[in-house]
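First the structure, in the form of structure tokens, and then the observations on it.
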Amino acid sequence: MSDFIGELLPPDRLMLTPGPSSIHPRIYRAMMSTMVGHLDPWFLNMMMNEVQVLLRQVFRTENRTTFPISSSGSGGIEASMLNPLEEGDEALICVNGAFSQRMAEIAERTPARITRVTAPYGRAVDPEDLRRAGKGKKIKVVGATHGESSTSVASPLDEYRKVADELGALLVVDCVSTLAGMPIDVDRQRIDICFSGSQKALSAPPGLSPITVSPAGEEAIRNRKTKVQSWYFDLTTTMNYWGKERTYHHTPAIPLLYAFREALRMVAEEGLEARWERHRSNQRAALAGLEAMGLKPFVENPAERMITVTAVQVPAGVDGKAVQQQLLDEFNIEIAGGFGPLKGKIWRVGLMGNTSQQRNVLLLLPTLEKVLTDQGFQVPAGAGVAAAIRSYSESRLAAAVK
Ligand SMILES: *Cc1c(COP(=O)(O)O)cnc(C)c1O
């Protein structure tokens with residue numbers, strides 16, 4: 001028996017985490033479609049074009065260079081840092097959590113000079129601090145993370161754009177946890193390099209990192225004096241595959257692209273604005289419920305809260321990990337904890353893409369109430385659900401007035 005490995009049967013979880021999010025059956029069906037070669041004319045001329053057309057709509061951009069990189073979201077960080085930065089360049093990276101720190105760490109592996117502009121966890125980097133850090137310097141790149149999902153802080157991108165303009169710098173933004181869940185408008189906000197991940201608010205399987213590069217960003221990359229230090233993430237050559245030429249660079253994950261195309265189609269069907277509003281009303285209801293249960297949001301300033309991820313503090317005396325484990329064991333519900341300095345201090349609830357649904361909010365709140373009660377934290381009976389229901393009716397009223 002010990003040498004027999006059985007049929008694959010993963011547990012049926014509800015993933016209320018900062019990704020991956022649950023996947024709609026339509027997407028699984030698309031992923032199982034017949035394989036073709038990566039140089040098949042149908043694939044080159046139909047599939048890839050359609051993915052790019054749909055992807056430009058999600059990013060709200062006309063950028064020619066818009067395509068999914070074959071990698072997880074972190075590959076998007078690699079590409080967006082390695083391509084514009086070389087010896088002699090300087091960059092400012094906003095760091096206020098684990099993912100923005102990853103951006104800084106990746107940037108620091110380039111020969112460019114990197115300055116971290118920091119904020120305490122739970123806050124966004126102050127645009128004034130960014131301005132001060134760049135004063136009198138020739139800055140090529142300002143890097144920031146739109147939704148710092150390790151803390152659930154959203155950053156003021158428009159303010160960062162102003163500073164980047166003053167410095168004559170490119171604005172590079174990590175939208176891994178926010179694209180298709182929170183408003184992002186690449187052209188209007190003039191983001192030069194923007195990337196995301198397939199498994200978060202887009203609700204496709206993990207493994208693709210969509211990226212878009214503005215004409216100014218392209219020019220900066222074209223004008224490099226040295227070669228991009230990574231062969232795989234060199235956008236100038238990957239673009240020969242995704243650009244007009246469609247010449248071979250590497251074999252992309254074709255089934256993932258099928259799935260991704262279907263996920264993008266679902267975004268287009270719903271409409272981006274309706275999708276943002278869905279995320280907003282579910283987040284609002286979830287937070288109202290969690291607060292009514294006596295939990296405090298980790299991010300104090302409501303203007304700095306993400307919509308796709310909500311962090312709350314683990315109350316004193318409660319074992320955060322034990323609560324997560326019981327939710328998983330008893331209800332198949334997964335929520336995330338904190339990591340790094342926030343380990344054991346916060347829970348992070350993701351309501352992204354296909355998981356951002358009223359029925360999930362109204363399932364999480366009472367199950368969490370049960371678990372918290374078992375773990376010795378007193379919750380006013382039914383208060384979470386009641387507050388969420390109130391929040392939903394307020395959202396409906398507000399929508400009716402509009
Ligand atoms: C999830 C996430 C990443 C990393 O994505 P992977 O797909 O895990 O590589 C990067 N940035 C942010 C903001 C994220 O939420």
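We label chains A, B, ... in the order they appear in the structure tokens, count residues from 1 in each chain, and number ligands from 1 in the order shown.
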**Message:** At a cut-off of 9 Å around ligand 1, and using only C-alpha atoms and all ligand atoms, what residues come up? Please write them as a VMD selection string.
**Reply:** chain A and resid 18 to 20 71 to 77 98 to 100 102 to 103 145 to 150 174 to 178 196 to 200 206 to 209
Margin query: as a ChimeraX atom specification, please: every residue in region 156-361 of chain A that DSSP puts in helix (DSSP H, G or I).
Written below: /A:157-167,215-222,235-242,254-270,272-292,302-304,320-331,340-342,353-355,358-361
Residues of region 128-230 of chain A that approach region 262-283 of chain A to 10 Å or less, counting only C-alpha atoms: could you list each one with the shortest pair of atoms and its distance in Å to one decimal, rows by chain and increasing residue number, as a Markdown table?
| residue | atom | partner | partner_atom | distance |
| --- | --- | --- | --- | --- |
| A:Thr178 | CA | A:Trp276 | CA | 9.8 |
| A:Leu179 | CA | A:Trp276 | CA | 9.6 |
| A:Ala180 | CA | A:Leu272 | CA | 6.6 |
| A:Gly181 | CA | A:Trp276 | CA | 5.2 |
| A:Met182 | CA | A:Trp276 | CA | 5.4 |
| A:Pro183 | CA | A:Trp276 | CA | 6.4 |
| A:Ile184 | CA | A:Trp276 | CA | 9.7 |
| A:Ser198 | CA | A:Ala263 | CA | 8.8 |
| A:Gln199 | CA | A:Ala263 | CA | 9.9 |
| A:Ala201 | CA | A:His279 | CA | 9.2 |
| A:Leu202 | CA | A:Ala263 | CA | 6.3 |
| A:Ser203 | CA | A:Ala263 | CA | 6.6 |
| A:Ala204 | CA | A:Ala263 | CA | 5.7 |
| A:Pro205 | CA | A:Ala263 | CA | 9.3 |
message: Please list as a list in words every residue within 12 Å of Glu50 (chain A), counting only C-alpha atoms and excluding residues in the same chain fewer than 5 positions away.
response: Trp42, Phe43, Leu44, Asn45, Leu55, Arg56, Gln57, Thr66, Phe67, Trp242, Leu257, Tyr258, Phe260, Arg261, Glu262, Leu264 and Arg265 of chain A
Could those residues be written to a file, using N, CA, C and O atoms, as a JSON list (two decimals), in the first residue's frame?
[["chain", "number", "residue", "atom", "x", "y", "z"],
["A", 42, "TRP", "N", -3.34, 29.40, -35.57],
["A", 42, "TRP", "CA", -4.55, 29.76, -34.82],
["A", 42, "TRP", "C", -4.17, 30.38, -33.48],
["A", 42, "TRP", "O", -4.74, 31.38, -33.04],
["A", 43, "PHE", "N", -3.18, 29.79, -32.82],
["A", 43, "PHE", "CA", -2.75, 30.29, -31.51],
["A", 43, "PHE", "C", -2.12, 31.68, -31.65],
["A", 43, "PHE", "O", -2.46, 32.61, -30.92],
["A", 44, "LEU", "N", -1.24, 31.82, -32.65],
["A", 44, "LEU", "CA", -0.53, 33.10, -32.84],
["A", 44, "LEU", "C", -1.49, 34.22, -33.24],
["A", 44, "LEU", "O", -1.37, 35.35, -32.76],
["A", 45, "ASN", "N", -2.42, 33.90, -34.11],
["A", 45, "ASN", "CA", -3.24, 34.98, -34.68],
["A", 45, "ASN", "C", -4.56, 35.21, -33.97],
["A", 45, "ASN", "O", -5.07, 36.32, -33.96],
["A", 55, "LEU", "N", -6.93, 41.96, -22.28],
["A", 55, "LEU", "CA", -6.05, 42.42, -21.21],
["A", 55, "LEU", "C", -5.91, 43.95, -21.21],
["A", 55, "LEU", "O", -5.90, 44.58, -20.15],
["A", 56, "ARG", "N", -5.85, 44.54, -22.40],
["A", 56, "ARG", "CA", -5.79, 46.01, -22.47],
["A", 56, "ARG", "C", -7.03, 46.62, -21.84],
["A", 56, "ARG", "O", -6.97, 47.66, -21.18],
["A", 57, "GLN", "N", -8.19, 45.96, -22.03],
["A", 57, "GLN", "CA", -9.42, 46.50, -21.42],
["A", 57, "GLN", "C", -9.33, 46.46, -19.90],
["A", 57, "GLN", "O", -9.77, 47.39, -19.23],
["A", 66, "THR", "N", 1.53, 44.84, -23.95],
["A", 66, "THR", "CA", 0.61, 44.38, -22.92],
["A", 66, "THR", "C", 0.44, 42.88, -23.13],
["A", 66, "THR", "O", -0.07, 42.47, -24.17],
["A", 67, "PHE", "N", 0.90, 42.08, -22.21],
["A", 67, "PHE", "CA", 0.79, 40.63, -22.38],
["A", 67, "PHE", "C", 1.05, 39.92, -21.05],
["A", 67, "PHE", "O", 1.59, 40.52, -20.13],
["A", 242, "TRP", "N", 5.21, 38.24, -28.28],
["A", 242, "TRP", "CA", 3.87, 38.82, -28.09],
["A", 242, "TRP", "C", 3.64, 40.03, -29.01],
["A", 242, "TRP", "O", 2.54, 40.54, -29.11],
["A", 257, "LEU", "N", -3.07, 29.91, -20.50],
["A", 257, "LEU", "CA", -3.54, 31.02, -21.33],
["A", 257, "LEU", "C", -5.00, 30.81, -21.74],
["A", 257, "LEU", "O", -5.77, 31.77, -21.81],
["A", 258, "TYR", "N", -5.39, 29.56, -21.97],
["A", 258, "TYR", "CA", -6.81, 29.29, -22.24],
["A", 258, "TYR", "C", -7.66, 29.73, -21.04],
["A", 258, "TYR", "O", -8.69, 30.37, -21.18],
["A", 260, "PHE", "N", -6.85, 31.81, -18.69],
["A", 260, "PHE", "CA", -6.73, 33.26, -18.48],
["A", 260, "PHE", "C", -7.66, 34.01, -19.44],
["A", 260, "PHE", "O", -8.32, 34.97, -19.05],
["A", 261, "ARG", "N", -7.74, 33.53, -20.69],
["A", 261, "ARG", "CA", -8.62, 34.17, -21.67],
["A", 261, "ARG", "C", -10.07, 34.12, -21.18],
["A", 261, "ARG", "O", -10.81, 35.10, -21.28],
["A", 262, "GLU", "N", -10.47, 32.98, -20.62],
["A", 262, "GLU", "CA", -11.84, 32.85, -20.13],
["A", 262, "GLU", "C", -12.07, 33.77, -18.92],
["A", 262, "GLU", "O", -13.12, 34.39, -18.80],
["A", 264, "LEU", "N", -10.60, 36.60, -18.38],
["A", 264, "LEU", "CA", -10.70, 37.98, -18.91],
["A", 264, "LEU", "C", -12.05, 38.20, -19.56],
["A", 264, "LEU", "O", -12.63, 39.28, -19.48],
["A", 265, "ARG", "N", -12.55, 37.16, -20.24],
["A", 265, "ARG", "CA", -13.88, 37.27, -20.85],
["A", 265, "ARG", "C", -14.93, 37.51, -19.76],
["A", 265, "ARG", "O", -15.87, 38.27, -19.95]]
Using only C-alpha atoms, the shortest atom-to-atom distance to Asp187 (chain A) among A:Ala288, A:Ala400, A:Val58, A:Met31 belongs to A:Val58
Closest pair table for region 284-364 of chain A residues within 10 Å of region 22-29 of chain A, only C-alpha atoms, as a Markdown table:
| residue | atom | partner | partner_atom | distance |
| --- | --- | --- | --- | --- |
| A:Met352 | CA | A:Ser22 | CA | 8.6 |
| A:Gly353 | CA | A:Ser22 | CA | 8.0 |
| A:Asn354 | CA | A:Ser22 | CA | 6.0 |
| A:Thr355 | CA | A:Ser22 | CA | 5.9 |
| A:Ser356 | CA | A:Ser22 | CA | 9.6 |
Export, as a PDB file, in the first residue's frame, the selected residues with N, CA and C atoms.
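In the end it all went to part_16.pdb:
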ATOM      1  N   MET A 352     -11.719  38.297  -3.346  1.00  0.00           N
ATOM      2  CA  MET A 352     -11.132  38.636  -4.641  1.00  0.00           C
ATOM      3  C   MET A 352     -11.822  37.878  -5.746  1.00  0.00           C
ATOM      4  N   GLY A 353     -12.110  38.579  -6.817  1.00  0.00           N
ATOM      5  CA  GLY A 353     -12.629  37.931  -8.020  1.00  0.00           C
ATOM      6  C   GLY A 353     -13.843  37.085  -7.712  1.00  0.00           C
ATOM      7  N   ASN A 354     -13.746  35.812  -8.049  1.00  0.00           N
ATOM      8  CA  ASN A 354     -14.863  34.895  -7.889  1.00  0.00           C
ATOM      9  C   ASN A 354     -15.242  34.640  -6.427  1.00  0.00           C
ATOM     10  N   THR A 355     -14.337  34.932  -5.482  1.00  0.00           N
ATOM     11  CA  THR A 355     -14.696  34.708  -4.072  1.00  0.00           C
ATOM     12  C   THR A 355     -15.384  35.922  -3.454  1.00  0.00           C
ATOM     13  N   SER A 356     -15.348  37.061  -4.140  1.00  0.00           N
ATOM     14  CA  SER A 356     -16.029  38.246  -3.628  1.00  0.00           C
ATOM     15  C   SER A 356     -17.528  38.100  -3.892  1.00  0.00           C
TER      16      SER A 356
END
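The residue set within 9 Å of region 337-348 of chain A, counting only C-alpha atoms and dropping same-chain residues fewer than 6 places from it, reads Leu16, Thr17, Pro18, Ala98, Tyr121, Ser149, Ser150, Thr151, Ser152, Phe298, Val309, Thr310, Ala311, Val312, Gln313, Val314, Pro315, Ala316, Asp319, Gly320, Lys321 and Gln324 of chain A.
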Go ahead and dump the residues you just picked, N, CA and C atoms, as a compact mmCIF listing (two decimals), in the first residue's frame.
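The resulting out_1.txt:
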# COMPACT_ATOMS: atom_id res chain seq x y z
N LEU A 16 -10.70 32.23 1.23
CA LEU A 16 -10.92 33.65 1.51
C LEU A 16 -9.58 34.24 1.95
N THR A 17 -8.61 34.13 1.07
CA THR A 17 -7.23 34.57 1.35
C THR A 17 -6.85 35.63 0.31
N PRO A 18 -5.68 36.24 0.50
CA PRO A 18 -5.19 37.15 -0.55
C PRO A 18 -4.63 36.36 -1.74
N ALA A 98 5.45 43.34 3.06
CA ALA A 98 6.28 42.25 2.54
C ALA A 98 6.45 42.30 1.02
N TYR A 121 4.24 49.42 8.94
CA TYR A 121 3.23 48.47 8.45
C TYR A 121 1.84 48.94 8.89
N SER A 149 -0.82 43.60 0.07
CA SER A 149 -1.75 42.60 0.63
C SER A 149 -1.24 41.96 1.91
N SER A 150 0.04 42.20 2.29
CA SER A 150 0.51 41.67 3.57
C SER A 150 -0.06 42.46 4.74
N THR A 151 -0.55 43.67 4.46
CA THR A 151 -1.12 44.51 5.54
C THR A 151 -2.52 45.03 5.21
N SER A 152 -2.92 44.90 3.96
CA SER A 152 -4.19 45.41 3.39
C SER A 152 -4.22 46.94 3.25
N PHE A 298 -6.93 46.43 10.91
CA PHE A 298 -5.51 46.70 11.13
C PHE A 298 -5.14 48.06 10.56
N VAL A 309 -8.54 42.89 -0.01
CA VAL A 309 -8.03 42.21 1.19
C VAL A 309 -8.31 43.10 2.40
N THR A 310 -8.78 42.48 3.48
CA THR A 310 -9.04 43.22 4.71
C THR A 310 -8.32 42.53 5.86
N ALA A 311 -7.47 43.28 6.53
CA ALA A 311 -6.76 42.71 7.69
C ALA A 311 -7.42 43.21 8.97
N VAL A 312 -7.62 42.29 9.91
CA VAL A 312 -8.10 42.67 11.24
C VAL A 312 -7.11 42.16 12.28
N GLN A 313 -7.10 42.83 13.42
CA GLN A 313 -6.16 42.44 14.48
C GLN A 313 -6.66 41.19 15.21
N VAL A 314 -5.75 40.30 15.53
CA VAL A 314 -6.08 39.16 16.38
C VAL A 314 -6.23 39.71 17.80
N PRO A 315 -7.40 39.49 18.45
CA PRO A 315 -7.58 40.08 19.78
C PRO A 315 -6.60 39.46 20.80
N ALA A 316 -6.27 40.24 21.79
CA ALA A 316 -5.35 39.78 22.83
C ALA A 316 -5.87 38.48 23.45
N ASP A 319 -5.42 32.77 20.03
CA ASP A 319 -4.39 32.15 19.21
C ASP A 319 -4.83 32.22 17.74
N GLY A 320 -4.24 33.14 17.01
CA GLY A 320 -4.66 33.40 15.64
C GLY A 320 -4.58 32.17 14.75
N LYS A 321 -3.51 31.43 14.91
CA LYS A 321 -3.28 30.24 14.08
C LYS A 321 -4.34 29.16 14.38
N GLN A 324 -7.53 29.95 12.58
CA GLN A 324 -7.42 29.59 11.16
C GLN A 324 -7.57 28.08 10.98
For Thr65 (chain A), find every residue with an atom within 12 Å (counting only C-alpha atoms), except residues of its own chain fewer than 2 positions away, and show them as number ranges by chain. A: 52-53, 55-56, 59, 61-63, 67-69, 192-195, 210-219, 221, 235-244
- For region 376-381 of chain A, please output as JSON, numbers by chain all residues within 10 Å (counting only C-alpha atoms; exclusion window: fewer than 6 positions along the same chain). {"A": [292, 293, 294, 295, 315, 316, 317, 318, 319, 366, 368, 369, 370]}
Selected residues written out, N, CA and C atoms, as a CSV table (one decimal), in the first residue's frame:
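Everything below was put into part_16.csv:
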chain,number,residue,atom,x,y,z
A,292,ALA,N,-18.5,44.5,14.0
A,292,ALA,CA,-19.6,44.3,14.9
A,292,ALA,C,-19.3,43.1,15.9
A,293,MET,N,-18.4,42.2,15.4
A,293,MET,CA,-18.0,41.1,16.2
A,293,MET,C,-16.9,41.5,17.2
A,294,GLY,N,-16.5,42.7,17.2
A,294,GLY,CA,-15.5,43.2,18.2
A,294,GLY,C,-14.1,43.1,17.6
A,295,LEU,N,-13.9,42.9,16.3
A,295,LEU,CA,-12.5,42.9,15.7
A,295,LEU,C,-12.2,44.2,15.2
A,315,PRO,N,-7.4,39.5,18.4
A,315,PRO,CA,-7.6,40.1,19.8
A,315,PRO,C,-6.6,39.5,20.8
A,316,ALA,N,-6.3,40.2,21.8
A,316,ALA,CA,-5.3,39.8,22.8
A,316,ALA,C,-5.9,38.5,23.4
A,317,GLY,N,-5.0,37.5,23.7
A,317,GLY,CA,-5.4,36.3,24.3
A,317,GLY,C,-5.9,35.2,23.4
A,318,VAL,N,-6.1,35.6,22.1
A,318,VAL,CA,-6.6,34.6,21.1
A,318,VAL,C,-5.4,34.1,20.3
A,319,ASP,N,-5.4,32.8,20.0
A,319,ASP,CA,-4.4,32.2,19.2
A,319,ASP,C,-4.8,32.2,17.7
A,366,PRO,N,-20.7,34.0,10.5
A,366,PRO,CA,-21.2,33.1,11.6
A,366,PRO,C,-20.2,32.0,11.9
A,368,LEU,N,-17.0,32.1,11.7
A,368,LEU,CA,-15.9,32.7,12.5
A,368,LEU,C,-16.4,33.0,13.9
A,369,GLU,N,-17.7,33.4,14.0
A,369,GLU,CA,-18.2,33.7,15.4
A,369,GLU,C,-18.2,32.4,16.2
A,370,LYS,N,-18.5,31.3,15.6
A,370,LYS,CA,-18.5,30.0,16.2
A,370,LYS,C,-17.1,29.6,16.7
Counting only C-alpha atoms, the residue among A:Lys138, A:Arg60, A:His250, A:Arg13 that lies closest to Ile335 (chain A) is A:Arg13
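For region 177-221 of chain A, a DSSP pass over the backbone yields strand (DSSP E or B) at Ile193, Cys194, Phe195, Ser209, Pro210, Ile211, Thr212 and Val213 of chain A.
Considering only C-alpha atoms, the residue among A:Trp231, A:Ala112, A:Asp40, A:Glu304 positioned nearest to Leu157 (chain A) is A:Glu304.
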As a check of understanding: the span from CA of Glu90 (chain A) to CA of Ala154 (chain A) is 24.6 Å
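Across A:Arg305, A:Lys135, A:Arg113, A:Arg161, the tightest approach to Val186 (chain A) is made by A:Arg161 when counting only C-alpha atoms.
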Quick one: everything within 12 Å of Arg284 (chain A), counting only C-alpha atoms, minus sequence neighbours fewer than 5 positions away in the same chain. Send it as a short mmCIF file (atom, residue, chain, number, x, y, z; two decimals) with all heavy atoms, in the first residue's frame.
data_model
loop_
_atom_site.label_atom_id
_atom_site.label_comp_id
_atom_site.auth_asym_id
_atom_site.auth_seq_id
_atom_site.Cartn_x
_atom_site.Cartn_y
_atom_site.Cartn_z
N GLU A 277 -17.49 47.59 -8.07
CA GLU A 277 -18.57 47.87 -7.12
C GLU A 277 -18.93 46.61 -6.33
O GLU A 277 -19.19 46.67 -5.13
CB GLU A 277 -19.79 48.43 -7.87
CG GLU A 277 -20.89 48.99 -6.98
CD GLU A 277 -20.39 49.91 -5.85
OE1 GLU A 277 -19.56 50.81 -6.12
OE2 GLU A 277 -20.82 49.71 -4.69
N ARG A 278 -18.94 45.47 -7.01
CA ARG A 278 -19.20 44.20 -6.31
C ARG A 278 -18.15 43.99 -5.20
O ARG A 278 -18.49 43.65 -4.06
CB ARG A 278 -19.17 43.04 -7.31
CG ARG A 278 -19.16 41.67 -6.66
CD ARG A 278 -19.49 40.55 -7.64
NE ARG A 278 -18.54 40.37 -8.71
CZ ARG A 278 -17.41 39.65 -8.64
NH1 ARG A 278 -17.09 39.07 -7.49
NH2 ARG A 278 -16.62 39.52 -9.68
N HIS A 279 -16.89 44.20 -5.56
CA HIS A 279 -15.83 44.03 -4.55
C HIS A 279 -16.02 45.01 -3.39
O HIS A 279 -15.83 44.65 -2.23
CB HIS A 279 -14.45 44.24 -5.19
CG HIS A 279 -13.95 43.05 -5.96
ND1 HIS A 279 -14.37 42.76 -7.23
CD2 HIS A 279 -13.09 42.08 -5.63
CE1 HIS A 279 -13.77 41.64 -7.64
NE2 HIS A 279 -12.97 41.22 -6.70
N GLY A 289 -19.27 43.56 9.45
CA GLY A 289 -19.53 42.37 10.26
C GLY A 289 -18.41 42.07 11.23
O GLY A 289 -18.64 41.81 12.41
N LEU A 290 -17.19 42.13 10.74
CA LEU A 290 -16.04 41.83 11.61
C LEU A 290 -15.95 42.84 12.75
O LEU A 290 -15.67 42.47 13.90
CB LEU A 290 -14.74 41.84 10.77
CG LEU A 290 -14.63 40.72 9.72
CD1 LEU A 290 -13.50 41.01 8.73
CD2 LEU A 290 -14.42 39.36 10.39
N GLU A 291 -16.22 44.11 12.43
CA GLU A 291 -16.17 45.13 13.48
C GLU A 291 -17.27 44.91 14.51
O GLU A 291 -17.04 45.07 15.71
CB GLU A 291 -16.26 46.54 12.87
CG GLU A 291 -14.99 46.97 12.17
CD GLU A 291 -14.99 48.45 11.80
OE1 GLU A 291 -15.63 48.80 10.78
OE2 GLU A 291 -14.36 49.24 12.54
N PRO A 297 -10.09 46.72 12.58
CA PRO A 297 -9.31 46.72 11.32
C PRO A 297 -7.86 47.08 11.61
O PRO A 297 -7.58 47.93 12.46
CB PRO A 297 -9.98 47.79 10.46
CG PRO A 297 -10.86 48.57 11.37
CD PRO A 297 -11.14 47.75 12.58
N PRO A 302 -9.37 54.80 6.91
CA PRO A 302 -10.25 54.16 5.92
C PRO A 302 -9.82 54.45 4.48
O PRO A 302 -10.03 53.62 3.60
CB PRO A 302 -11.63 54.75 6.21
CG PRO A 302 -11.55 55.24 7.62
CD PRO A 302 -10.12 55.64 7.86
N ARG A 305 -7.41 51.77 3.02
CA ARG A 305 -7.77 50.35 3.08
C ARG A 305 -7.98 49.78 1.69
O ARG A 305 -8.61 50.40 0.84
CB ARG A 305 -9.06 50.16 3.88
CG ARG A 305 -8.83 50.36 5.36
CD ARG A 305 -10.10 50.10 6.17
NE ARG A 305 -9.89 50.60 7.53
CZ ARG A 305 -10.84 51.09 8.30
NH1 ARG A 305 -12.10 51.15 7.86
NH2 ARG A 305 -10.56 51.51 9.51
N MET A 306 -7.46 48.57 1.50
CA MET A 306 -7.71 47.87 0.26
C MET A 306 -9.16 47.39 0.21
O MET A 306 -9.82 47.26 1.23
CB MET A 306 -6.81 46.63 0.15
CG MET A 306 -5.38 46.92 -0.18
SD MET A 306 -4.38 45.40 -0.10
CE MET A 306 -4.98 44.52 -1.54
N ILE A 307 -9.61 47.06 -0.99
CA ILE A 307 -10.95 46.52 -1.16
C ILE A 307 -10.91 45.00 -1.30
O ILE A 307 -11.81 44.30 -0.88
CB ILE A 307 -11.61 47.17 -2.41
CG1 ILE A 307 -11.85 48.66 -2.16
CG2 ILE A 307 -12.93 46.47 -2.76
CD1 ILE A 307 -12.29 49.42 -3.38
N THR A 308 -9.82 44.49 -1.84
CA THR A 308 -9.74 43.05 -2.11
C THR A 308 -9.24 42.24 -0.92
O THR A 308 -9.46 41.05 -0.86
CB THR A 308 -8.82 42.80 -3.31
OG1 THR A 308 -7.65 43.60 -3.15
CG2 THR A 308 -9.49 43.18 -4.62
N VAL A 309 -8.54 42.89 -0.01
CA VAL A 309 -8.03 42.21 1.19
C VAL A 309 -8.31 43.10 2.40
O VAL A 309 -8.09 44.30 2.34
CB VAL A 309 -6.49 41.97 1.11
CG1 VAL A 309 -6.00 41.22 2.36
CG2 VAL A 309 -6.12 41.19 -0.14
N THR A 310 -8.78 42.48 3.48
CA THR A 310 -9.04 43.22 4.71
C THR A 310 -8.32 42.53 5.86
O THR A 310 -8.55 41.35 6.10
CB THR A 310 -10.56 43.26 4.99
OG1 THR A 310 -11.19 43.94 3.90
CG2 THR A 310 -10.88 43.99 6.28
N LEU A 351 -11.31 38.89 -0.38
CA LEU A 351 -12.56 38.75 -1.15
C LEU A 351 -12.21 39.23 -2.55
O LEU A 351 -12.34 40.40 -2.87
CB LEU A 351 -13.68 39.57 -0.51
CG LEU A 351 -14.18 39.05 0.85
CD1 LEU A 351 -15.00 40.11 1.57
CD2 LEU A 351 -15.00 37.77 0.68
N SER A 356 -15.35 37.06 -4.14
CA SER A 356 -16.03 38.25 -3.63
C SER A 356 -17.53 38.10 -3.89
O SER A 356 -18.05 38.54 -4.91
CB SER A 356 -15.49 39.51 -4.30
OG SER A 356 -16.31 40.62 -3.96
N GLN A 357 -18.20 37.40 -2.97
CA GLN A 357 -19.63 37.14 -3.12
C GLN A 357 -20.32 37.28 -1.78
O GLN A 357 -19.76 36.93 -0.74
CB GLN A 357 -19.85 35.70 -3.62
CG GLN A 357 -19.32 35.44 -5.02
CD GLN A 357 -19.75 34.07 -5.52
OE1 GLN A 357 -20.89 33.66 -5.32
NE2 GLN A 357 -18.84 33.35 -6.15
N GLN A 358 -21.57 37.77 -1.86
CA GLN A 358 -22.36 37.95 -0.65
C GLN A 358 -22.46 36.64 0.14
O GLN A 358 -22.34 36.61 1.36
CB GLN A 358 -23.75 38.45 -1.06
CG GLN A 358 -24.70 38.64 0.09
CD GLN A 358 -26.02 39.24 -0.38
OE1 GLN A 358 -26.09 40.40 -0.74
NE2 GLN A 358 -27.06 38.43 -0.37
N VAL A 361 -19.42 36.07 2.30
CA VAL A 361 -19.36 36.96 3.47
C VAL A 361 -20.31 36.43 4.54
O VAL A 361 -19.97 36.34 5.72
CB VAL A 361 -19.74 38.41 3.06
CG1 VAL A 361 -19.85 39.30 4.28
CG2 VAL A 361 -18.71 38.97 2.06
N ALA A 387 -24.85 43.10 11.04
CA ALA A 387 -24.19 44.30 10.51
C ALA A 387 -23.94 44.17 9.01
O ALA A 387 -24.07 45.14 8.26
CB ALA A 387 -22.87 44.53 11.26
N ALA A 388 -23.59 42.97 8.58
CA ALA A 388 -23.33 42.76 7.15
C ALA A 388 -24.62 42.95 6.34
O ALA A 388 -24.62 43.59 5.29
CB ALA A 388 -22.74 41.38 6.91
N ILE A 389 -25.71 42.40 6.86
CA ILE A 389 -27.00 42.54 6.15
C ILE A 389 -27.38 44.01 6.05
O ILE A 389 -27.82 44.49 5.02
CB ILE A 389 -28.10 41.70 6.85
CG1 ILE A 389 -27.79 40.21 6.69
CG2 ILE A 389 -29.48 42.03 6.31
CD1 ILE A 389 -28.67 39.28 7.49
N ARG A 390 -27.16 44.74 7.15
CA ARG A 390 -27.44 46.18 7.13
C ARG A 390 -26.58 46.87 6.07
O ARG A 390 -27.06 47.70 5.30
CB ARG A 390 -27.13 46.79 8.50
CG ARG A 390 -28.35 47.33 9.20
CD ARG A 390 -28.11 48.07 10.51
NE ARG A 390 -26.86 47.85 11.23
CZ ARG A 390 -26.69 46.91 12.17
NH1 ARG A 390 -27.66 46.08 12.49
NH2 ARG A 390 -25.53 46.79 12.78
N SER A 391 -25.33 46.50 6.01
CA SER A 391 -24.41 47.11 5.04
C SER A 391 -24.87 46.82 3.61
O SER A 391 -24.85 47.71 2.75
CB SER A 391 -22.99 46.59 5.27
OG SER A 391 -22.16 46.96 4.22
N TYR A 392 -25.30 45.59 3.37
CA TYR A 392 -25.79 45.27 2.01
C TYR A 392 -27.02 46.10 1.65
O TYR A 392 -27.16 46.55 0.53
CB TYR A 392 -26.11 43.77 1.88
CG TYR A 392 -24.88 42.93 1.66
CD1 TYR A 392 -24.54 41.91 2.53
CD2 TYR A 392 -24.05 43.15 0.55
CE1 TYR A 392 -23.40 41.13 2.33
CE2 TYR A 392 -22.91 42.38 0.34
CZ TYR A 392 -22.58 41.36 1.23
OH TYR A 392 -21.47 40.61 1.02
N SER A 393 -27.93 46.29 2.61
CA SER A 393 -29.11 47.06 2.22
C SER A 393 -28.74 48.53 2.01
O SER A 393 -29.30 49.18 1.13
CB SER A 393 -30.29 46.85 3.17
OG SER A 393 -29.90 47.13 4.47
N GLU A 394 -27.76 49.03 2.75
CA GLU A 394 -27.29 50.40 2.50
C GLU A 394 -26.66 50.51 1.11
O GLU A 394 -26.88 51.49 0.39
CB GLU A 394 -26.27 50.83 3.56
CG GLU A 394 -26.92 51.24 4.88
CD GLU A 394 -25.93 51.21 6.05
OE1 GLU A 394 -24.70 51.21 5.80
OE2 GLU A 394 -26.40 51.17 7.19
N SER A 395 -25.85 49.49 0.73
CA SER A 395 -25.24 49.49 -0.60
C SER A 395 -26.31 49.49 -1.69
O SER A 395 -26.19 50.19 -2.69
CB SER A 395 -24.36 48.26 -0.80
OG SER A 395 -23.22 48.34 0.00
#
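Proximity of A:Asn83, A:Gln101, A:Thr247, A:Thr373 to Asn223 (chain A), computed with only C-alpha atoms, is greatest for A:Asn83.
Of the listed residues (A:Arg190, A:Arg246, A:Lys140, A:Arg123), A:Lys140 comes nearest to Ile93 (chain A); the distances count only C-alpha atoms.
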